[in-house]
file final38.tsv (TSV, C-alpha atoms)
chain	number	residue	atom	x	y	z
A	1	MET	CA	-22.40	-25.00	12.04
A	2	PRO	CA	-23.02	-22.54	9.18
A	3	THR	CA	-20.19	-20.26	8.16
A	4	ILE	CA	-21.01	-16.54	8.19
A	5	ARG	CA	-19.89	-14.50	5.20
A	6	THR	CA	-20.26	-10.75	5.47
A	7	ALA	CA	-21.23	-8.43	2.66
A	8	THR	CA	-21.57	-5.23	4.71
A	9	ALA	CA	-19.90	-5.47	8.09
A	10	LYS	CA	-21.08	-2.04	9.25
A	11	ALA	CA	-24.69	-2.88	8.54
A	12	CYS	CA	-24.32	-5.98	10.73
A	13	GLU	CA	-22.53	-3.99	13.46
A	14	LEU	CA	-19.91	-6.69	13.74
A	15	SER	CA	-17.52	-6.78	16.67
A	16	ALA	CA	-13.79	-6.62	16.04
A	17	ALA	CA	-13.52	-10.34	16.80
A	18	GLU	CA	-16.07	-11.14	14.11
A	19	VAL	CA	-14.26	-8.92	11.60
A	20	LEU	CA	-10.93	-10.57	12.40
A	21	ALA	CA	-12.34	-14.06	12.16
A	22	GLU	CA	-14.23	-13.23	8.99
A	23	SER	CA	-11.12	-11.90	7.30
A	24	VAL	CA	-9.26	-15.14	8.00
A	25	TRP	CA	-12.26	-17.11	6.72
A	26	LEU	CA	-12.35	-15.18	3.45
A	27	SER	CA	-8.63	-15.67	2.80
A	28	TRP	CA	-8.97	-19.38	3.58
A	29	ASP	CA	-11.89	-19.61	1.17
A	30	ARG	CA	-9.78	-18.05	-1.57
A	31	PHE	CA	-6.95	-20.46	-0.90
A	32	VAL	CA	-9.12	-23.56	-0.79
A	33	GLN	CA	-11.80	-22.85	-3.38
A	34	GLN	CA	-9.91	-20.84	-5.98
A	35	ASP	CA	-6.20	-21.40	-5.61
A	36	ALA	CA	-4.49	-24.52	-4.31
A	37	LEU	CA	-7.52	-26.77	-4.25
A	38	VAL	CA	-11.05	-27.08	-5.55
A	39	TYR	CA	-13.76	-28.20	-3.18
A	40	ARG	CA	-16.53	-30.03	-5.00
A	41	THR	CA	-19.25	-29.69	-2.41
A	42	VAL	CA	-23.00	-29.45	-2.20
A	43	GLU	CA	-23.60	-25.86	-1.17
A	44	SER	CA	-26.77	-24.00	-0.30
A	45	THR	CA	-26.83	-20.24	0.07
A	46	ARG	CA	-29.41	-17.93	1.59
A	47	PHE	CA	-29.36	-14.23	2.36
A	48	VAL	CA	-30.54	-12.73	5.63
A	49	GLY	CA	-31.01	-9.06	6.34
A	50	SER	CA	-30.73	-7.02	9.53
A	51	ALA	CA	-33.95	-8.57	10.78
A	52	ALA	CA	-34.17	-12.34	10.71
A	53	GLY	CA	-36.92	-13.63	8.49
A	54	ASN	CA	-37.61	-10.22	6.94
A	55	ALA	CA	-37.52	-10.88	3.21
A	56	ALA	CA	-37.60	-7.15	2.49
A	57	SER	CA	-34.38	-6.47	4.38
A	58	PRO	CA	-31.31	-5.69	2.26
A	59	PRO	CA	-28.89	-8.65	2.03
A	60	SER	CA	-26.04	-8.11	4.44
A	61	VAL	CA	-24.90	-11.59	5.44
A	62	ARG	CA	-24.46	-14.68	3.34
A	63	VAL	CA	-24.78	-17.95	5.24
A	64	THR	CA	-23.23	-20.90	3.47
A	65	THR	CA	-23.61	-24.52	4.50
A	66	ALA	CA	-21.30	-26.95	2.71
A	67	ASN	CA	-21.43	-30.71	2.66
A	68	PRO	CA	-18.70	-31.85	5.09
A	69	SER	CA	-17.59	-34.61	2.75
A	70	ILE	CA	-14.81	-33.22	0.59
A	71	ASP	CA	-13.72	-34.45	-2.82
A	72	ILE	CA	-10.46	-32.70	-3.65
A	73	GLN	CA	-9.11	-32.02	-7.11
A	74	ARG	CA	-5.74	-30.30	-7.19
A	75	VAL	CA	-5.18	-27.35	-9.47
A	76	ASP	CA	-2.10	-27.77	-11.67
A	77	PRO	CA	0.66	-25.84	-9.83
A	78	ARG	CA	2.21	-25.06	-13.23
A	79	ASN	CA	-0.54	-22.43	-13.44
A	80	VAL	CA	1.55	-19.37	-12.54
A	81	ASP	CA	-1.43	-17.24	-11.49
A	82	ALA	CA	-2.86	-19.98	-9.25
A	83	VAL	CA	0.45	-20.41	-7.43
A	84	HIS	CA	0.73	-16.66	-6.90
A	85	ARG	CA	-2.83	-16.28	-5.62
A	86	ALA	CA	-2.43	-19.25	-3.28
A	87	ARG	CA	0.76	-17.79	-1.84
A	88	VAL	CA	-0.83	-14.38	-1.28
A	89	ALA	CA	-3.87	-15.96	0.40
A	90	LEU	CA	-1.63	-17.91	2.79
A	91	ARG	CA	0.32	-14.77	3.63
A	92	ARG	CA	-2.89	-12.96	4.53
A	93	ILE	CA	-4.07	-15.87	6.63
A	94	ARG	CA	-0.82	-16.05	8.58
A	95	SER	CA	-0.69	-12.28	9.11
A	96	ASN	CA	-4.30	-12.07	10.24
A	97	ILE	CA	-4.07	-15.04	12.59
A	98	ARG	CA	-1.06	-13.43	14.25
A	99	LEU	CA	-2.97	-10.17	14.61
A	100	ALA	CA	-6.04	-11.97	16.00
A	101	ARG	CA	-4.05	-14.51	18.01
A	102	ARG	CA	-6.03	-13.89	21.21
A	103	LEU	CA	-9.18	-15.21	19.52
A	104	PHE	CA	-7.81	-18.68	18.89
A	105	ASP	CA	-6.76	-21.64	20.96
A	106	GLU	CA	-3.01	-21.34	21.64
A	107	ALA	CA	-2.14	-24.93	20.72
A	108	TRP	CA	-4.21	-24.71	17.53
A	109	THR	CA	-2.53	-21.44	16.57
A	110	ASP	CA	1.00	-22.80	17.03
A	111	VAL	CA	0.32	-25.87	14.88
A	112	VAL	CA	-1.58	-24.02	12.16
A	113	LEU	CA	0.95	-21.20	11.81
A	114	ALA	CA	3.77	-23.73	11.53
A	115	ASP	CA	1.90	-25.72	8.86
A	116	LEU	CA	0.92	-22.58	6.95
A	117	SER	CA	4.54	-21.40	7.00
A	118	TRP	CA	5.74	-24.78	5.75
A	119	TYR	CA	3.31	-24.93	2.82
A	120	ALA	CA	3.77	-21.25	1.98
A	121	GLY	CA	7.48	-22.01	1.67
A	122	GLU	CA	6.75	-24.76	-0.85
A	123	LEU	CA	4.58	-22.38	-2.88
A	124	GLY	CA	7.16	-19.61	-2.50
A	125	ALA	CA	9.94	-21.72	-3.95
A	126	VAL	CA	7.93	-22.20	-7.14
A	127	ARG	CA	6.81	-18.59	-7.23
A	128	ASP	CA	10.37	-17.28	-6.91
A	129	TRP	CA	11.40	-19.08	-10.10
A	130	ASP	CA	8.29	-17.75	-11.86
A	131	VAL	CA	9.27	-14.20	-10.92
A	132	MET	CA	12.87	-14.68	-12.08
A	133	HIS	CA	11.68	-16.24	-15.33
A	134	ALA	CA	9.53	-13.19	-16.09
A	135	ARG	CA	12.23	-10.69	-15.11
A	136	VAL	CA	14.95	-12.39	-17.17
A	137	LEU	CA	12.70	-12.49	-20.24
A	138	ASP	CA	11.80	-8.81	-19.81
A	139	ALA	CA	15.42	-7.76	-19.28
A	140	CYS	CA	16.53	-9.76	-22.33
A	141	ASP	CA	13.94	-7.96	-24.44
A	142	ARG	CA	15.23	-4.58	-23.23
A	143	VAL	CA	18.86	-5.48	-23.85
A	144	ARG	CA	18.18	-6.91	-27.32
A	145	SER	CA	16.27	-3.80	-28.37
A	146	LEU	CA	19.46	-1.76	-27.89
A	147	ALA	CA	21.90	-4.29	-29.38
A	148	THR	CA	23.36	-4.61	-32.86
A	149	PRO	CA	22.00	-7.48	-35.03
A	150	SER	CA	25.03	-9.68	-34.30
A	151	GLU	CA	24.86	-8.98	-30.55
A	152	ALA	CA	21.11	-9.61	-30.58
A	153	ALA	CA	21.70	-13.05	-32.10
A	154	ARG	CA	24.22	-13.92	-29.38
A	155	LEU	CA	21.87	-12.62	-26.70
A	156	GLU	CA	19.05	-14.79	-28.03
A	157	VAL	CA	21.15	-17.95	-27.88
A	158	GLY	CA	22.30	-17.12	-24.35
A	159	GLU	CA	18.76	-16.31	-23.29
A	160	LYS	CA	17.55	-19.78	-24.28
A	161	ILE	CA	20.23	-21.38	-22.12
A	162	LEU	CA	19.41	-19.20	-19.12
A	163	ILE	CA	15.69	-19.86	-19.48
A	164	GLU	CA	16.32	-23.60	-19.70
A	165	ASN	CA	18.18	-23.40	-16.39
A	166	LEU	CA	15.35	-21.45	-14.81
A	167	GLU	CA	12.73	-23.89	-16.06
A	168	HIS	CA	14.75	-26.84	-14.75
A	169	GLU	CA	14.88	-25.33	-11.26
A	170	ARG	CA	11.19	-24.44	-11.43
A	171	GLN	CA	10.31	-27.99	-12.38
A	172	ARG	CA	12.30	-29.33	-9.44
A	173	CYS	CA	10.42	-27.08	-7.00
A	174	PHE	CA	7.15	-27.95	-8.74
A	175	GLY	CA	7.85	-31.62	-7.97
A	176	ASP	CA	8.47	-30.77	-4.33
A	177	LEU	CA	5.14	-28.91	-4.24
A	178	LEU	CA	3.29	-31.94	-5.59
A	179	VAL	CA	4.86	-34.07	-2.86
A	180	ALA	CA	3.83	-31.49	-0.25
A	181	GLN	CA	0.22	-31.54	-1.46
A	182	GLY	CA	0.10	-35.26	-0.71
A	183	ASP	CA	1.78	-34.92	2.68
A	184	SER	CA	-0.16	-35.76	5.85
A	185	ARG	CA	0.78	-32.33	7.18
A	186	PHE	CA	-1.12	-30.68	4.36
A	187	GLN	CA	-4.14	-32.90	4.96
A	188	ARG	CA	-4.01	-31.95	8.64
A	189	LEU	CA	-4.05	-28.27	7.70
A	190	LEU	CA	-7.21	-28.78	5.65
A	191	THR	CA	-8.92	-30.20	8.74
A	192	LEU	CA	-7.52	-27.90	11.43
A	193	MET	CA	-8.13	-24.56	9.72
A	194	PRO	CA	-11.93	-24.71	9.32
A	195	ALA	CA	-12.35	-26.45	12.69
A	196	GLY	CA	-10.46	-23.70	14.51
A	197	LEU	CA	-12.18	-20.87	12.70
A	198	GLU	CA	-15.62	-22.24	13.51
A	199	GLU	CA	-14.82	-22.09	17.21
A	200	VAL	CA	-13.95	-18.39	17.25
A	201	SER	CA	-16.27	-16.46	19.52
A	202	SER	CA	-16.99	-12.74	19.49
A	203	GLY	CA	-17.02	-12.74	23.29
A	204	ALA	CA	-13.31	-11.90	23.48
A	205	ASP	CA	-13.89	-8.34	22.30
A	206	ARG	CA	-13.81	-5.19	24.40
A	207	GLY	CA	-15.33	-2.10	22.80
A	208	GLU	CA	-16.78	-1.28	19.44
A	209	GLY	CA	-15.44	-3.01	16.36
A	210	ALA	CA	-14.18	0.13	14.64
A	211	ASP	CA	-12.30	1.35	17.72
A	212	VAL	CA	-10.68	-2.00	18.39
A	213	MET	CA	-9.66	-2.48	14.75
A	214	ARG	CA	-8.23	1.02	14.53
A	215	LYS	CA	-6.05	0.33	17.58
A	216	LEU	CA	-4.83	-2.94	16.10
A	217	VAL	CA	-3.85	-1.29	12.81
A	218	ALA	CA	-2.32	1.68	14.66
A	219	LYS	CA	-0.07	-0.73	16.57
A	220	GLN	CA	1.16	-2.27	13.32
A	221	TRP	CA	1.57	1.21	11.84
A	222	ARG	CA	3.82	2.39	14.70
A	223	ARG	CA	6.04	-0.66	14.23
A	224	LEU	CA	6.30	0.07	10.53
A	225	ALA	CA	7.14	3.75	11.09
A	226	ALA	CA	9.99	2.85	13.43
A	227	HIS	CA	11.23	0.22	10.98
A	228	ALA	CA	11.15	2.67	8.06
A	229	GLU	CA	13.16	5.28	9.97
A	230	ALA	CA	15.82	2.71	10.81
A	231	THR	CA	15.93	1.59	7.17
A	232	ARG	CA	16.32	5.17	5.94
A	233	ARG	CA	19.43	5.47	8.08
A	234	GLU	CA	20.89	2.20	6.81
A	235	PRO	CA	19.13	1.03	3.61
A	236	THR	CA	20.88	-2.27	3.00
A	237	ASP	CA	19.31	-4.85	0.70
A	238	ALA	CA	18.38	-6.99	3.71
A	239	ALA	CA	16.84	-3.99	5.51
A	240	LEU	CA	14.76	-3.04	2.48
A	241	HIS	CA	13.50	-6.62	2.19
A	242	ASP	CA	12.53	-6.66	5.88
A	243	LEU	CA	10.79	-3.31	5.44
A	244	ARG	CA	8.76	-4.76	2.59
A	245	VAL	CA	7.57	-7.53	4.91
A	246	SER	CA	6.54	-4.93	7.52
A	247	VAL	CA	4.65	-2.92	4.91
A	248	LYS	CA	2.83	-6.06	3.82
A	249	ARG	CA	1.74	-6.84	7.37
A	250	VAL	CA	0.32	-3.40	8.06
A	251	ARG	CA	-1.38	-3.40	4.66
A	252	TYR	CA	-3.09	-6.72	5.43
A	253	ALA	CA	-4.18	-5.32	8.79
A	254	ALA	CA	-5.64	-2.23	7.09
A	255	ASP	CA	-7.44	-4.41	4.55
A	256	MET	CA	-8.93	-6.44	7.37
A	257	ALA	CA	-10.10	-3.28	9.14
A	258	THR	CA	-11.63	-1.65	6.08
A	259	PRO	CA	-15.16	-3.08	6.61
A	260	VAL	CA	-15.50	-1.21	9.91
A	261	ILE	CA	-13.09	1.72	9.52
A	262	GLY	CA	-14.06	2.57	5.94
A	263	ALA	CA	-12.48	4.70	3.23
A	264	ALA	CA	-9.51	5.94	5.27
A	265	SER	CA	-8.31	2.38	5.85
A	266	ARG	CA	-8.82	1.56	2.17
A	267	ARG	CA	-6.78	4.59	1.09
A	268	PHE	CA	-4.02	3.71	3.54
A	269	SER	CA	-3.91	0.19	2.09
A	270	THR	CA	-3.58	1.65	-1.43
A	271	GLU	CA	-0.61	3.81	-0.40
A	272	ALA	CA	0.99	0.85	1.39
A	273	SER	CA	0.54	-1.26	-1.72
A	274	ALA	CA	2.43	1.31	-3.80
A	275	LEU	CA	5.42	1.17	-1.45
A	276	GLN	CA	5.21	-2.62	-1.28
A	277	ASP	CA	5.34	-2.82	-5.08
A	278	VAL	CA	8.49	-0.68	-5.29
A	279	LEU	CA	10.25	-2.63	-2.55
A	280	GLY	CA	9.09	-5.90	-4.11
A	281	GLU	CA	10.47	-4.95	-7.51
A	282	TYR	CA	13.75	-3.99	-5.90
A	283	HIS	CA	13.98	-7.29	-4.05
A	284	ASP	CA	13.16	-9.27	-7.20
A	285	SER	CA	15.87	-7.41	-9.10
A	286	THR	CA	18.51	-8.14	-6.46
A	287	VAL	CA	17.53	-11.84	-6.43
A	288	VAL	CA	17.83	-12.04	-10.22
A	289	ARG	CA	21.29	-10.48	-10.17
A	290	ALA	CA	22.41	-12.86	-7.43
A	291	TRP	CA	21.21	-15.84	-9.47
A	292	LEU	CA	22.92	-14.57	-12.63
A	293	MET	CA	26.18	-14.23	-10.74
A	294	LYS	CA	25.81	-17.78	-9.43
A	295	VAL	CA	24.89	-19.37	-12.75
A	296	SER	CA	27.36	-17.49	-14.99
A	297	PRO	CA	30.39	-19.76	-14.29
A	298	LEU	CA	28.26	-22.86	-14.96
A	299	VAL	CA	26.94	-22.01	-18.44
A	300	PRO	CA	28.59	-21.66	-21.89
A	301	PRO	CA	30.30	-18.33	-22.70
A	302	VAL	CA	27.42	-17.15	-24.88
A	303	ALA	CA	25.05	-17.49	-21.91
A	304	THR	CA	27.60	-15.80	-19.64
A	305	PHE	CA	27.59	-12.86	-22.05
A	306	THR	CA	23.79	-12.65	-21.89
A	307	ALA	CA	23.84	-12.97	-18.12
A	308	GLY	CA	26.26	-10.06	-17.88
A	309	GLN	CA	24.10	-7.84	-20.08
A	310	VAL	CA	20.94	-8.74	-18.17
A	311	SER	CA	22.70	-8.11	-14.87
A	312	LEU	CA	23.69	-4.62	-16.04
A	313	ALA	CA	20.08	-3.90	-17.04
A	314	GLU	CA	18.83	-5.14	-13.66
A	315	ALA	CA	21.42	-3.04	-11.84
A	316	GLU	CA	20.08	0.05	-13.61
A	317	ALA	CA	16.51	-0.89	-12.67
A	318	SER	CA	17.56	-1.50	-9.06
A	319	ALA	CA	19.16	1.94	-8.81
A	320	LYS	CA	15.94	3.62	-9.94
A	321	LEU	CA	13.85	1.60	-7.49
A	322	ARG	CA	16.21	2.32	-4.62
A	323	ALA	CA	15.87	6.02	-5.38
A	324	ALA	CA	12.07	5.78	-5.59
A	325	TRP	CA	11.14	4.07	-2.33
A	326	PRO	CA	11.73	7.04	0.06
A	327	LYS	CA	9.22	9.14	-1.88
A	328	CYS	CA	6.63	6.34	-1.65
A	329	TRP	CA	7.33	6.04	2.05
A	330	SER	CA	6.85	9.78	2.57
A	331	ARG	CA	3.36	9.59	1.03
A	332	LEU	CA	2.45	6.59	3.17
A	333	GLU	CA	3.93	8.20	6.30
A	334	LYS	CA	1.89	11.35	5.80
A	335	PHE	CA	-1.35	9.43	5.35
A	336	GLY	CA	-0.52	6.95	8.11
A	337	LYS	CA	0.03	9.70	10.68
A	338	LYS	CA	-3.24	11.31	9.68
A	339	THR	CA	-5.19	8.05	9.86
A	340	PHE	CA	-3.60	6.11	12.71
A	341	GLY	CA	-1.60	8.69	14.63
call {"tool": "encode", "arguments": {"input": "final38.tsv", "output": "structure tokens"}}
result
Amino acid sequence: MPTIRTATAKACELSAAEVLAESVWLSWDRFVQQDALVYRTVESTRFVGSAAGNAASPPSVRVTTANPSIDIQRVDPRNVDAVHRARVALRRIRSNIRLARRLFDEAWTDVVLADLSWYAGELGAVRDWDVMHARVLDACDRVRSLATPSEAARLEVGEKILIENLEHERQRCFGDLLVAQGDSRFQRLLTLMPAGLEEVSSGADRGEGADVMRKLVAKQWRRLAAHAEATRREPTDAALHDLRVSVKRVRYAADMATPVIGAASRRFSTEASALQDVLGEYHDSTVVRAWLMKVSPLVPPVATFTAGQVSLAEAEASAKLRAAWPKCWSRLEKFGKKTFG
């Protein structure tokens, strides 16, 4: 069966089910073709317009038929950008499948979500060390720029030791990821995902696509609003991290709805992204400080000194981010109420 790829969902008057399924397809394509794997397939592409067979019609749907035989070549997971993109794609897939759960077979959904969560965890372990590596390097640069020449020399020696520890942990997780890529569970995921997506039918929809999608996003938005109010009352580190996850979910839902809702959904997603970035930076900073506290007793004194200075710099950054998130939330709240009630 050919796989439908939409260019202009409104022009095709897609149902909500088709938009939901298409969004999952596109994220899966990104994961498979660009990120974790490379499919070397024979592919033919043709464009069809609003009227079948009308060559003059504007292209609105791309129909792609790929050779079912798959020759897989793994992308080197040491590629930091590839690991990050693969992780983001899997997050979108999981979020969108949960949102569109009624479209899929229940048994298929349970197995696929479990496998996606498992492999996303393997990717996440590598990605977490990448993030810490970048933050420690950046913080060391900031600290050294304010230090005396003698202190800067000590900081540089300590930095090398800390980075070596980070790279060792990253390499360990990288090895686990390679093992996961050869696991039968991963191979099962490669088979189950496209098979399940092909079976999705648009018959499960009730109402116009735009109306249904707006209601789905509005439901996620109301959950987020309640979560944000609770977090404002008690903004612990754990609560702020959970809020970031909620923001991410509603943002993915808004992205998925954009083809049928339009500019308002796109603008909402932009505002949600701004809040997600602030909360993400805050979370990364707290994780770095926790790691520095853990590693400090295990490294030579010169590295302990560097860890202390970096931790102070991260604490300052965390304080600014903690102060910034309510303002970002207020902007998102205002736009969210206007767009989704």
call {"tool": "atom_distance", "arguments": {"input": "final38.tsv", "atom1": "atom CA of A:Leu20", "atom2": "atom CA of A:Phe186"}}
result
23.8 Å
call {"tool": "residues_near_point", "arguments": {"input": "final38.tsv", "point": "(5.3, -19.2, -8.3)", "cutoff": "9 Å", "atoms": "only C-alpha atoms", "output": "list of chain:residue names"}}
result
A:Pro77, A:Arg78, A:Asn79, A:Val80, A:Asp81, A:Ala82, A:Val83, A:His84, A:Arg87, A:Leu123, A:Gly124, A:Ala125, A:Val126, A:Arg127, A:Asp128, A:Trp129, A:Asp130, A:Val131, A:Arg170, A:Phe174
call {"tool": "atom_distance", "arguments": {"input": "final38.tsv", "atom1": "atom CA of A:Asp242", "atom2": "atom CA of A:Arg214"}}
result
23.8 Å
call {"tool": "closest_atom_pairs", "arguments": {"input": "final38.tsv", "of": "stretch 184-275 of chain A", "to": "stretch 98-114 of chain A", "cutoff": "12 Å", "atoms": "only C-alpha atoms", "output": "JSON lines"}}
result
{"residue": "A:Arg185", "atom": "CA", "partner": "A:Val112", "partner_atom": "CA", "distance": 10.0}
{"residue": "A:Phe186", "atom": "CA", "partner": "A:Val112", "partner_atom": "CA", "distance": 10.3}
{"residue": "A:Gln187", "atom": "CA", "partner": "A:Val112", "partner_atom": "CA", "distance": 11.7}
{"residue": "A:Arg188", "atom": "CA", "partner": "A:Val112", "partner_atom": "CA", "distance": 9.0}
{"residue": "A:Leu189", "atom": "CA", "partner": "A:Val112", "partner_atom": "CA", "distance": 6.6}
{"residue": "A:Leu190", "atom": "CA", "partner": "A:Val112", "partner_atom": "CA", "distance": 9.8}
{"residue": "A:Thr191", "atom": "CA", "partner": "A:Val112", "partner_atom": "CA", "distance": 10.2}
{"residue": "A:Leu192", "atom": "CA", "partner": "A:Val112", "partner_atom": "CA", "distance": 7.1}
{"residue": "A:Met193", "atom": "CA", "partner": "A:Val112", "partner_atom": "CA", "distance": 7.0}
{"residue": "A:Pro194", "atom": "CA", "partner": "A:Val112", "partner_atom": "CA", "distance": 10.8}
{"residue": "A:Ala195", "atom": "CA", "partner": "A:Trp108", "partner_atom": "CA", "distance": 9.6}
{"residue": "A:Gly196", "atom": "CA", "partner": "A:Trp108", "partner_atom": "CA", "distance": 7.0}
{"residue": "A:Leu197", "atom": "CA", "partner": "A:Phe104", "partner_atom": "CA", "distance": 7.9}
{"residue": "A:Glu198", "atom": "CA", "partner": "A:Phe104", "partner_atom": "CA", "distance": 10.1}
{"residue": "A:Glu199", "atom": "CA", "partner": "A:Phe104", "partner_atom": "CA", "distance": 8.0}
{"residue": "A:Val200", "atom": "CA", "partner": "A:Leu103", "partner_atom": "CA", "distance": 6.2}
{"residue": "A:Ser201", "atom": "CA", "partner": "A:Leu103", "partner_atom": "CA", "distance": 7.2}
{"residue": "A:Ser202", "atom": "CA", "partner": "A:Leu103", "partner_atom": "CA", "distance": 8.2}
{"residue": "A:Gly203", "atom": "CA", "partner": "A:Leu103", "partner_atom": "CA", "distance": 9.0}
{"residue": "A:Ala204", "atom": "CA", "partner": "A:Leu103", "partner_atom": "CA", "distance": 6.6}
{"residue": "A:Asp205", "atom": "CA", "partner": "A:Leu103", "partner_atom": "CA", "distance": 8.8}
{"residue": "A:Val212", "atom": "CA", "partner": "A:Ala100", "partner_atom": "CA", "distance": 11.3}
{"residue": "A:Met213", "atom": "CA", "partner": "A:Leu99", "partner_atom": "CA", "distance": 10.2}
{"residue": "A:Lys215", "atom": "CA", "partner": "A:Leu99", "partner_atom": "CA", "distance": 11.3}
{"residue": "A:Leu216", "atom": "CA", "partner": "A:Leu99", "partner_atom": "CA", "distance": 7.6}
{"residue": "A:Val217", "atom": "CA", "partner": "A:Leu99", "partner_atom": "CA", "distance": 9.1}
{"residue": "A:Ala218", "atom": "CA", "partner": "A:Leu99", "partner_atom": "CA", "distance": 11.9}
{"residue": "A:Lys219", "atom": "CA", "partner": "A:Leu99", "partner_atom": "CA", "distance": 10.1}
{"residue": "A:Gln220", "atom": "CA", "partner": "A:Leu99", "partner_atom": "CA", "distance": 9.0}
{"residue": "A:Arg249", "atom": "CA", "partner": "A:Leu99", "partner_atom": "CA", "distance": 9.3}
{"residue": "A:Val250", "atom": "CA", "partner": "A:Leu99", "partner_atom": "CA", "distance": 10.0}
{"residue": "A:Tyr252", "atom": "CA", "partner": "A:Leu99", "partner_atom": "CA", "distance": 9.8}
{"residue": "A:Ala253", "atom": "CA", "partner": "A:Leu99", "partner_atom": "CA", "distance": 7.7}
{"residue": "A:Ala254", "atom": "CA", "partner": "A:Leu99", "partner_atom": "CA", "distance": 11.3}
{"residue": "A:Met256", "atom": "CA", "partner": "A:Leu99", "partner_atom": "CA", "distance": 10.1}
{"residue": "A:Ala257", "atom": "CA", "partner": "A:Leu99", "partner_atom": "CA", "distance": 11.3}
call {"tool": "atom_distance", "arguments": {"input": "final38.tsv", "atom1": "atom CA of A:Ala239", "atom2": "atom CA of A:Tyr282"}}
result
11.8 Å
call {"tool": "residues_around", "arguments": {"input": "final38.tsv", "residues": "A:Trp329", "least_positions_apart": "5", "cutoff": "12 Å", "atoms": "all atoms listed in the file", "output": "PyMOL selection string"}}
result
chain A and resi 224-225+227-229+231-232+240+243-244+247+268+271-279+322-324+334-337
call {"tool": "residues_around", "arguments": {"input": "final38.tsv", "residues": "A:Leu177", "least_positions_apart": "4", "cutoff": "7 Å", "atoms": "only C-alpha atoms", "output": "compact mmCIF listing (two decimals) with C-alpha atoms, keeping the file's coordinate frame"}}
result
# COMPACT_ATOMS: atom_id res chain seq x y z
CA GLU A 122 6.75 -24.76 -0.85
CA LEU A 123 4.58 -22.38 -2.88
CA CYS A 173 10.42 -27.08 -7.00
CA GLN A 181 0.22 -31.54 -1.46
call {"tool": "residues_around", "arguments": {"input": "final38.tsv", "residues": "stretch 152-161 of chain A", "least_positions_apart": "2", "cutoff": "12 Å", "atoms": "all atoms listed in the file", "output": "VMD selection string"}}
result
chain A and resid 133 135 to 150 163 to 168 292 295 to 296 298 to 310
call {"tool": "closest_residue", "arguments": {"input": "final38.tsv", "among": "A:Asp255, A:Glu281, A:Trp221, A:Lys327", "to": "A:His241", "atoms": "all atoms listed in the file"}}
result
A:Glu281
